[in-house]
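Data from data_30.cif: mmCIF, N, CA and C atoms
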```cif
data_final
#
loop_
_atom_site.label_atom_id
_atom_site.label_comp_id
_atom_site.auth_asym_id
_atom_site.auth_seq_id
_atom_site.Cartn_x
_atom_site.Cartn_y
_atom_site.Cartn_z
N MET A 223 0.82 -1.19 0.00
CA MET A 223 0.00 0.00 0.00
C MET A 223 0.87 1.26 0.00
N MET A 224 1.95 1.20 0.78
CA MET A 224 2.84 2.36 0.85
C MET A 224 3.52 2.62 -0.50
N LYS A 225 3.86 1.54 -1.21
CA LYS A 225 4.49 1.68 -2.51
C LYS A 225 3.53 2.34 -3.51
N LEU A 226 2.25 1.99 -3.44
CA LEU A 226 1.25 2.58 -4.32
C LEU A 226 1.10 4.07 -4.05
N LYS A 227 1.12 4.47 -2.79
CA LYS A 227 1.05 5.90 -2.45
C LYS A 227 2.23 6.66 -3.04
N GLY A 228 3.39 6.05 -2.99
CA GLY A 228 4.58 6.69 -3.56
C GLY A 228 4.45 6.91 -5.06
N TRP A 229 3.94 5.92 -5.77
CA TRP A 229 3.74 6.05 -7.22
C TRP A 229 2.69 7.10 -7.54
N VAL A 230 1.62 7.12 -6.76
CA VAL A 230 0.56 8.11 -6.99
C VAL A 230 1.10 9.51 -6.76
N MET A 231 1.88 9.71 -5.73
CA MET A 231 2.46 11.02 -5.45
C MET A 231 3.43 11.43 -6.56
N LEU A 232 4.21 10.47 -7.06
CA LEU A 232 5.14 10.76 -8.13
C LEU A 232 4.40 11.19 -9.40
N VAL A 233 3.37 10.45 -9.76
CA VAL A 233 2.57 10.79 -10.95
C VAL A 233 1.92 12.15 -10.77
N PHE A 234 1.41 12.42 -9.60
CA PHE A 234 0.78 13.71 -9.31
C PHE A 234 1.78 14.85 -9.45
N ALA A 235 2.98 14.68 -8.89
CA ALA A 235 4.00 15.72 -8.96
C ALA A 235 4.44 15.97 -10.39
N VAL A 236 4.63 14.91 -11.15
CA VAL A 236 5.04 15.05 -12.55
C VAL A 236 3.96 15.77 -13.36
N SER A 237 2.70 15.45 -13.10
CA SER A 237 1.62 16.12 -13.84
C SER A 237 1.55 17.60 -13.49
N LEU A 238 1.83 17.97 -12.26
CA LEU A 238 1.84 19.39 -11.88
C LEU A 238 2.98 20.14 -12.56
N VAL A 239 4.15 19.54 -12.58
CA VAL A 239 5.30 20.19 -13.20
C VAL A 239 5.12 20.34 -14.70
N SER A 240 4.57 19.34 -15.34
CA SER A 240 4.38 19.42 -16.79
C SER A 240 3.32 20.45 -17.16
N GLY A 241 2.45 20.79 -16.25
CA GLY A 241 1.43 21.81 -16.52
C GLY A 241 1.99 23.21 -16.51
N CYS A 242 3.22 23.40 -16.07
CA CYS A 242 3.82 24.73 -15.97
C CYS A 242 4.62 25.09 -17.22
N GLN A 243 4.52 24.32 -18.24
CA GLN A 243 5.26 24.55 -19.47
C GLN A 243 4.76 25.82 -20.13
N THR A 244 5.67 26.63 -20.66
CA THR A 244 5.29 27.86 -21.33
C THR A 244 5.19 27.61 -22.83
N MET A 245 4.31 28.34 -23.47
CA MET A 245 4.11 28.22 -24.91
C MET A 245 5.02 29.23 -25.60
N THR A 246 5.71 28.80 -26.62
CA THR A 246 6.56 29.70 -27.39
C THR A 246 5.94 30.04 -28.74
N LYS A 247 4.80 29.48 -29.02
CA LYS A 247 4.12 29.76 -30.29
C LYS A 247 3.52 31.15 -30.25
N SER A 248 3.39 31.75 -31.39
CA SER A 248 2.81 33.08 -31.53
C SER A 248 1.63 32.98 -32.49
N THR A 249 0.72 33.94 -32.36
CA THR A 249 -0.40 33.96 -33.30
C THR A 249 0.09 34.31 -34.70
N CYS A 250 1.31 34.80 -34.81
CA CYS A 250 1.86 35.17 -36.11
C CYS A 250 2.56 34.01 -36.81
N ASP A 251 2.73 32.90 -36.11
CA ASP A 251 3.37 31.74 -36.74
C ASP A 251 2.54 31.26 -37.92
N GLY A 252 3.19 31.00 -39.01
CA GLY A 252 2.49 30.51 -40.19
C GLY A 252 2.03 31.62 -41.13
N TRP A 253 2.21 32.86 -40.73
CA TRP A 253 1.80 33.99 -41.58
C TRP A 253 3.04 34.77 -41.96
N LYS A 254 3.00 35.38 -43.11
CA LYS A 254 4.12 36.19 -43.56
C LYS A 254 3.60 37.31 -44.45
N PRO A 255 4.40 38.33 -44.70
CA PRO A 255 3.97 39.43 -45.56
C PRO A 255 3.69 38.95 -46.98
N VAL A 256 2.75 39.60 -47.62
CA VAL A 256 2.45 39.31 -49.02
C VAL A 256 3.26 40.29 -49.86
N ARG A 257 4.08 39.76 -50.75
CA ARG A 257 4.93 40.60 -51.60
C ARG A 257 4.69 40.20 -53.06
N PRO A 258 3.71 40.84 -53.68
CA PRO A 258 3.41 40.48 -55.08
C PRO A 258 4.52 40.95 -56.02
N ALA A 259 4.66 40.24 -57.11
CA ALA A 259 5.63 40.61 -58.14
C ALA A 259 5.11 41.83 -58.90
N ALA A 260 6.01 42.53 -59.56
CA ALA A 260 5.64 43.74 -60.29
C ALA A 260 4.57 43.45 -61.34
N ALA A 261 4.66 42.32 -62.02
CA ALA A 261 3.65 41.96 -63.03
C ALA A 261 2.29 41.74 -62.38
N ASP A 262 2.25 41.21 -61.16
CA ASP A 262 0.99 41.00 -60.46
C ASP A 262 0.36 42.33 -60.05
N VAL A 263 1.20 43.28 -59.64
CA VAL A 263 0.70 44.58 -59.19
C VAL A 263 -0.01 45.29 -60.34
N GLU A 264 0.50 45.15 -61.55
CA GLU A 264 -0.09 45.82 -62.71
C GLU A 264 -1.48 45.29 -63.03
N THR A 265 -1.75 44.02 -62.70
CA THR A 265 -3.02 43.41 -63.10
C THR A 265 -4.02 43.23 -61.96
N MET A 266 -3.61 43.43 -60.71
CA MET A 266 -4.54 43.18 -59.60
C MET A 266 -5.53 44.31 -59.43
N SER A 267 -6.67 43.97 -58.86
CA SER A 267 -7.70 44.97 -58.61
C SER A 267 -7.30 45.86 -57.44
N SER A 268 -7.91 47.02 -57.36
CA SER A 268 -7.58 47.93 -56.26
C SER A 268 -8.04 47.34 -54.92
N GLU A 269 -9.13 46.56 -54.94
CA GLU A 269 -9.61 45.91 -53.72
C GLU A 269 -8.57 44.92 -53.19
N LEU A 270 -8.01 44.13 -54.08
CA LEU A 270 -6.98 43.17 -53.66
C LEU A 270 -5.75 43.91 -53.15
N ALA A 271 -5.37 44.99 -53.79
CA ALA A 271 -4.22 45.78 -53.34
C ALA A 271 -4.46 46.32 -51.94
N HIS A 272 -5.68 46.81 -51.67
CA HIS A 272 -6.02 47.31 -50.33
C HIS A 272 -5.97 46.19 -49.29
N GLN A 273 -6.41 45.00 -49.66
CA GLN A 273 -6.38 43.87 -48.73
C GLN A 273 -4.94 43.46 -48.41
N ILE A 274 -4.08 43.48 -49.41
CA ILE A 274 -2.68 43.14 -49.19
C ILE A 274 -2.01 44.17 -48.29
N VAL A 275 -2.28 45.44 -48.55
CA VAL A 275 -1.71 46.50 -47.71
C VAL A 275 -2.20 46.36 -46.27
N ALA A 276 -3.49 46.09 -46.09
CA ALA A 276 -4.04 45.93 -44.74
C ALA A 276 -3.40 44.73 -44.03
N HIS A 277 -3.23 43.64 -44.75
CA HIS A 277 -2.60 42.43 -44.19
C HIS A 277 -1.17 42.75 -43.75
N ASN A 278 -0.42 43.42 -44.60
CA ASN A 278 0.97 43.72 -44.28
C ASN A 278 1.10 44.73 -43.15
N ARG A 279 0.21 45.71 -43.08
CA ARG A 279 0.23 46.67 -41.97
C ARG A 279 -0.09 45.98 -40.65
N PHE A 280 -1.06 45.08 -40.67
CA PHE A 280 -1.39 44.33 -39.46
C PHE A 280 -0.18 43.54 -38.99
N GLY A 281 0.49 42.89 -39.93
CA GLY A 281 1.68 42.12 -39.59
C GLY A 281 2.80 42.99 -39.03
N GLN A 282 2.93 44.20 -39.54
CA GLN A 282 3.95 45.10 -39.03
C GLN A 282 3.65 45.50 -37.58
N THR A 283 2.41 45.80 -37.29
CA THR A 283 2.08 46.27 -35.94
C THR A 283 1.97 45.12 -34.94
N GLN A 284 1.40 44.00 -35.34
CA GLN A 284 1.14 42.92 -34.40
C GLN A 284 2.24 41.86 -34.34
N CYS A 285 2.95 41.69 -35.45
CA CYS A 285 3.94 40.61 -35.52
C CYS A 285 5.37 41.11 -35.66
N GLY A 286 5.57 42.41 -35.85
CA GLY A 286 6.91 42.95 -35.96
C GLY A 286 7.56 42.75 -37.32
N TRP A 287 6.72 42.53 -38.35
CA TRP A 287 7.29 42.39 -39.70
C TRP A 287 7.97 43.68 -40.11
N ARG A 288 9.00 43.54 -40.91
CA ARG A 288 9.71 44.70 -41.44
C ARG A 288 9.53 44.74 -42.95
N GLN A 289 9.61 45.94 -43.48
CA GLN A 289 9.41 46.10 -44.93
C GLN A 289 10.57 45.62 -45.72
#
```
How does the structure come out when it is put into structure tokens?
Amino acid sequence: MMKLKGWVMLVFAVSLVSGCQTMTKSTCDGWKPVRPAAADVETMSSELAHQIVAHNRFGQTQCGWRQ
């Protein structure tokens, strides 16, 4: 019985310690600036251009992207 208590305490302690792990992931992981080629810029709609600019500005302010 005493041996079982020791195992239960060990499992409990390990589960508490593993719960203190910090996350290093960011909400910006997996996203990057959109950099269209010059030929694409000539043919894209103004709406798409505005969306790309908004995306890149958001990334600059929230994710630290640089131009």
Between atom C of A:Asn278 and atom C of A:Val263, what distance in Å does the model show, to one decimal?
17.2 Å
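If you look at atom CA of A:Thr249 and atom CA of A:His272, they are 22.4 Å away from each other.
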Distance of atom CA of A:Gln289 from atom CA of A:Thr265, expressed in Å to one decimal place:
22.2 Å
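Restricting the calculation to only N, CA and C atoms, the smallest distance between A:Arg257 and any of A:Phe234, A:Gln284, A:Glu269, A:Ile274 is found for A:Ile274.
Using only C-alpha atoms, the shortest contact distance between A:Pro258 and any of A:Trp229, A:Ala271, A:His277, A:Ala235 is found at A:Ala271.
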For A:Asp251: contacts at 12 Å, only C-alpha atoms, fewer than 6 positions along chain excluded, given as an MDAnalysis selection string:
chainID A and resid 281 284:287
Would you please take stretch 245-261 of chain A of the structure in the block above and write all heavy atoms to a file as a PDB file, in the first residue's frame?
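What landed in decode-v6.pdb:
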```pdb
ATOM      1  N   MET A 245       4.305  28.335 -23.468  1.00  0.00           N
ATOM      2  CA  MET A 245       4.113  28.224 -24.906  1.00  0.00           C
ATOM      3  C   MET A 245       5.019  29.233 -25.598  1.00  0.00           C
ATOM      4  O   MET A 245       5.077  30.392 -25.206  1.00  0.00           O
ATOM      5  CB  MET A 245       2.659  28.501 -25.280  1.00  0.00           C
ATOM      6  CG  MET A 245       1.678  27.522 -24.673  1.00  0.00           C
ATOM      7  SD  MET A 245       1.871  25.866 -25.286  1.00  0.00           S
ATOM      8  CE  MET A 245       1.311  26.065 -26.954  1.00  0.00           C
ATOM      9  N   THR A 246       5.710  28.800 -26.625  1.00  0.00           N
ATOM     10  CA  THR A 246       6.560  29.699 -27.388  1.00  0.00           C
ATOM     11  C   THR A 246       5.940  30.043 -28.738  1.00  0.00           C
ATOM     12  O   THR A 246       6.512  30.810 -29.487  1.00  0.00           O
ATOM     13  CB  THR A 246       7.951  29.081 -27.617  1.00  0.00           C
ATOM     14  OG1 THR A 246       7.788  27.837 -28.300  1.00  0.00           O
ATOM     15  CG2 THR A 246       8.676  28.850 -26.302  1.00  0.00           C
ATOM     16  N   LYS A 247       4.796  29.481 -29.019  1.00  0.00           N
ATOM     17  CA  LYS A 247       4.121  29.763 -30.286  1.00  0.00           C
ATOM     18  C   LYS A 247       3.518  31.155 -30.246  1.00  0.00           C
ATOM     19  O   LYS A 247       3.144  31.667 -29.211  1.00  0.00           O
ATOM     20  CB  LYS A 247       3.012  28.746 -30.548  1.00  0.00           C
ATOM     21  CG  LYS A 247       3.502  27.347 -30.751  1.00  0.00           C
ATOM     22  CD  LYS A 247       3.716  27.099 -32.191  1.00  0.00           C
ATOM     23  CE  LYS A 247       4.113  25.656 -32.419  1.00  0.00           C
ATOM     24  NZ  LYS A 247       4.571  25.424 -33.720  1.00  0.00           N
ATOM     25  N   SER A 248       3.393  31.750 -31.392  1.00  0.00           N
ATOM     26  CA  SER A 248       2.806  33.077 -31.533  1.00  0.00           C
ATOM     27  C   SER A 248       1.627  32.984 -32.493  1.00  0.00           C
ATOM     28  O   SER A 248       1.565  32.089 -33.330  1.00  0.00           O
ATOM     29  CB  SER A 248       3.860  34.034 -32.100  1.00  0.00           C
ATOM     30  OG  SER A 248       3.272  35.238 -32.513  1.00  0.00           O
ATOM     31  N   THR A 249       0.719  33.938 -32.361  1.00  0.00           N
ATOM     32  CA  THR A 249      -0.396  33.964 -33.303  1.00  0.00           C
ATOM     33  C   THR A 249       0.086  34.310 -34.702  1.00  0.00           C
ATOM     34  O   THR A 249      -0.642  34.124 -35.668  1.00  0.00           O
ATOM     35  CB  THR A 249      -1.461  34.986 -32.873  1.00  0.00           C
ATOM     36  OG1 THR A 249      -0.842  36.276 -32.729  1.00  0.00           O
ATOM     37  CG2 THR A 249      -2.104  34.596 -31.561  1.00  0.00           C
ATOM     38  N   CYS A 250       1.308  34.796 -34.807  1.00  0.00           N
ATOM     39  CA  CYS A 250       1.864  35.171 -36.111  1.00  0.00           C
ATOM     40  C   CYS A 250       2.563  34.008 -36.812  1.00  0.00           C
ATOM     41  O   CYS A 250       2.971  34.149 -37.962  1.00  0.00           O
ATOM     42  CB  CYS A 250       2.830  36.334 -35.935  1.00  0.00           C
ATOM     43  SG  CYS A 250       2.039  37.813 -35.298  1.00  0.00           S
ATOM     44  N   ASP A 251       2.733  32.898 -36.109  1.00  0.00           N
ATOM     45  CA  ASP A 251       3.369  31.740 -36.737  1.00  0.00           C
ATOM     46  C   ASP A 251       2.535  31.263 -37.918  1.00  0.00           C
ATOM     47  O   ASP A 251       1.329  31.145 -37.831  1.00  0.00           O
ATOM     48  CB  ASP A 251       3.536  30.596 -35.739  1.00  0.00           C
ATOM     49  CG  ASP A 251       4.576  30.887 -34.695  1.00  0.00           C
ATOM     50  OD1 ASP A 251       5.321  31.874 -34.862  1.00  0.00           O
ATOM     51  OD2 ASP A 251       4.652  30.135 -33.712  1.00  0.00           O
ATOM     52  N   GLY A 252       3.188  30.999 -39.008  1.00  0.00           N
ATOM     53  CA  GLY A 252       2.489  30.510 -40.188  1.00  0.00           C
ATOM     54  C   GLY A 252       2.029  31.615 -41.135  1.00  0.00           C
ATOM     55  O   GLY A 252       1.517  31.334 -42.206  1.00  0.00           O
ATOM     56  N   TRP A 253       2.206  32.865 -40.735  1.00  0.00           N
ATOM     57  CA  TRP A 253       1.803  33.985 -41.578  1.00  0.00           C
ATOM     58  C   TRP A 253       3.038  34.769 -41.965  1.00  0.00           C
ATOM     59  O   TRP A 253       4.013  34.820 -41.230  1.00  0.00           O
ATOM     60  CB  TRP A 253       0.833  34.909 -40.839  1.00  0.00           C
ATOM     61  CG  TRP A 253      -0.425  34.216 -40.465  1.00  0.00           C
ATOM     62  CD1 TRP A 253      -0.722  33.645 -39.265  1.00  0.00           C
ATOM     63  CD2 TRP A 253      -1.553  33.980 -41.299  1.00  0.00           C
ATOM     64  NE1 TRP A 253      -1.963  33.080 -39.300  1.00  0.00           N
ATOM     65  CE2 TRP A 253      -2.505  33.268 -40.537  1.00  0.00           C
ATOM     66  CE3 TRP A 253      -1.858  34.290 -42.612  1.00  0.00           C
ATOM     67  CZ2 TRP A 253      -3.728  32.871 -41.059  1.00  0.00           C
ATOM     68  CZ3 TRP A 253      -3.078  33.896 -43.127  1.00  0.00           C
ATOM     69  CH2 TRP A 253      -3.998  33.195 -42.348  1.00  0.00           C
ATOM     70  N   LYS A 254       3.001  35.377 -43.110  1.00  0.00           N
ATOM     71  CA  LYS A 254       4.122  36.192 -43.562  1.00  0.00           C
ATOM     72  C   LYS A 254       3.596  37.308 -44.448  1.00  0.00           C
ATOM     73  O   LYS A 254       2.446  37.260 -44.911  1.00  0.00           O
ATOM     74  CB  LYS A 254       5.154  35.350 -44.300  1.00  0.00           C
ATOM     75  CG  LYS A 254       4.615  34.665 -45.541  1.00  0.00           C
ATOM     76  CD  LYS A 254       5.683  33.794 -46.185  1.00  0.00           C
ATOM     77  CE  LYS A 254       5.110  33.148 -47.443  1.00  0.00           C
ATOM     78  NZ  LYS A 254       6.089  32.343 -48.137  1.00  0.00           N
ATOM     79  N   PRO A 255       4.403  38.327 -44.699  1.00  0.00           N
ATOM     80  CA  PRO A 255       3.965  39.428 -45.560  1.00  0.00           C
ATOM     81  C   PRO A 255       3.689  38.949 -46.982  1.00  0.00           C
ATOM     82  O   PRO A 255       4.318  38.012 -47.470  1.00  0.00           O
ATOM     83  CB  PRO A 255       5.148  40.390 -45.554  1.00  0.00           C
ATOM     84  CG  PRO A 255       6.014  39.979 -44.430  1.00  0.00           C
ATOM     85  CD  PRO A 255       5.743  38.542 -44.166  1.00  0.00           C
ATOM     86  N   VAL A 256       2.754  39.596 -47.621  1.00  0.00           N
ATOM     87  CA  VAL A 256       2.453  39.309 -49.024  1.00  0.00           C
ATOM     88  C   VAL A 256       3.264  40.290 -49.859  1.00  0.00           C
ATOM     89  O   VAL A 256       3.158  41.504 -49.681  1.00  0.00           O
ATOM     90  CB  VAL A 256       0.937  39.462 -49.313  1.00  0.00           C
ATOM     91  CG1 VAL A 256       0.652  39.255 -50.789  1.00  0.00           C
ATOM     92  CG2 VAL A 256       0.142  38.500 -48.464  1.00  0.00           C
ATOM     93  N   ARG A 257       4.081  39.764 -50.748  1.00  0.00           N
ATOM     94  CA  ARG A 257       4.929  40.601 -51.602  1.00  0.00           C
ATOM     95  C   ARG A 257       4.695  40.203 -53.057  1.00  0.00           C
ATOM     96  O   ARG A 257       5.386  39.340 -53.604  1.00  0.00           O
ATOM     97  CB  ARG A 257       6.388  40.410 -51.229  1.00  0.00           C
ATOM     98  CG  ARG A 257       6.681  40.745 -49.765  1.00  0.00           C
ATOM     99  CD  ARG A 257       8.160  40.930 -49.532  1.00  0.00           C
ATOM    100  NE  ARG A 257       8.552  40.928 -48.140  1.00  0.00           N
ATOM    101  CZ  ARG A 257       8.283  41.877 -47.258  1.00  0.00           C
ATOM    102  NH1 ARG A 257       7.568  42.914 -47.615  1.00  0.00           N
ATOM    103  NH2 ARG A 257       8.721  41.795 -46.016  1.00  0.00           N
ATOM    104  N   PRO A 258       3.707  40.836 -53.683  1.00  0.00           N
ATOM    105  CA  PRO A 258       3.411  40.481 -55.076  1.00  0.00           C
ATOM    106  C   PRO A 258       4.517  40.953 -56.023  1.00  0.00           C
ATOM    107  O   PRO A 258       5.197  41.941 -55.763  1.00  0.00           O
ATOM    108  CB  PRO A 258       2.102  41.212 -55.364  1.00  0.00           C
ATOM    109  CG  PRO A 258       2.024  42.300 -54.358  1.00  0.00           C
ATOM    110  CD  PRO A 258       2.802  41.847 -53.159  1.00  0.00           C
ATOM    111  N   ALA A 259       4.661  40.236 -57.107  1.00  0.00           N
ATOM    112  CA  ALA A 259       5.632  40.611 -58.141  1.00  0.00           C
ATOM    113  C   ALA A 259       5.115  41.834 -58.895  1.00  0.00           C
ATOM    114  O   ALA A 259       3.920  42.149 -58.874  1.00  0.00           O
ATOM    115  CB  ALA A 259       5.830  39.450 -59.107  1.00  0.00           C
ATOM    116  N   ALA A 260       6.011  42.527 -59.563  1.00  0.00           N
ATOM    117  CA  ALA A 260       5.643  43.743 -60.293  1.00  0.00           C
ATOM    118  C   ALA A 260       4.570  43.453 -61.340  1.00  0.00           C
ATOM    119  O   ALA A 260       3.641  44.247 -61.526  1.00  0.00           O
ATOM    120  CB  ALA A 260       6.881  44.348 -60.950  1.00  0.00           C
ATOM    121  N   ALA A 261       4.663  42.316 -62.019  1.00  0.00           N
ATOM    122  CA  ALA A 261       3.652  41.960 -63.025  1.00  0.00           C
ATOM    123  C   ALA A 261       2.289  41.744 -62.377  1.00  0.00           C
ATOM    124  O   ALA A 261       1.259  42.081 -62.964  1.00  0.00           O
ATOM    125  CB  ALA A 261       4.088  40.702 -63.769  1.00  0.00           C
TER     126      ALA A 261
END
```
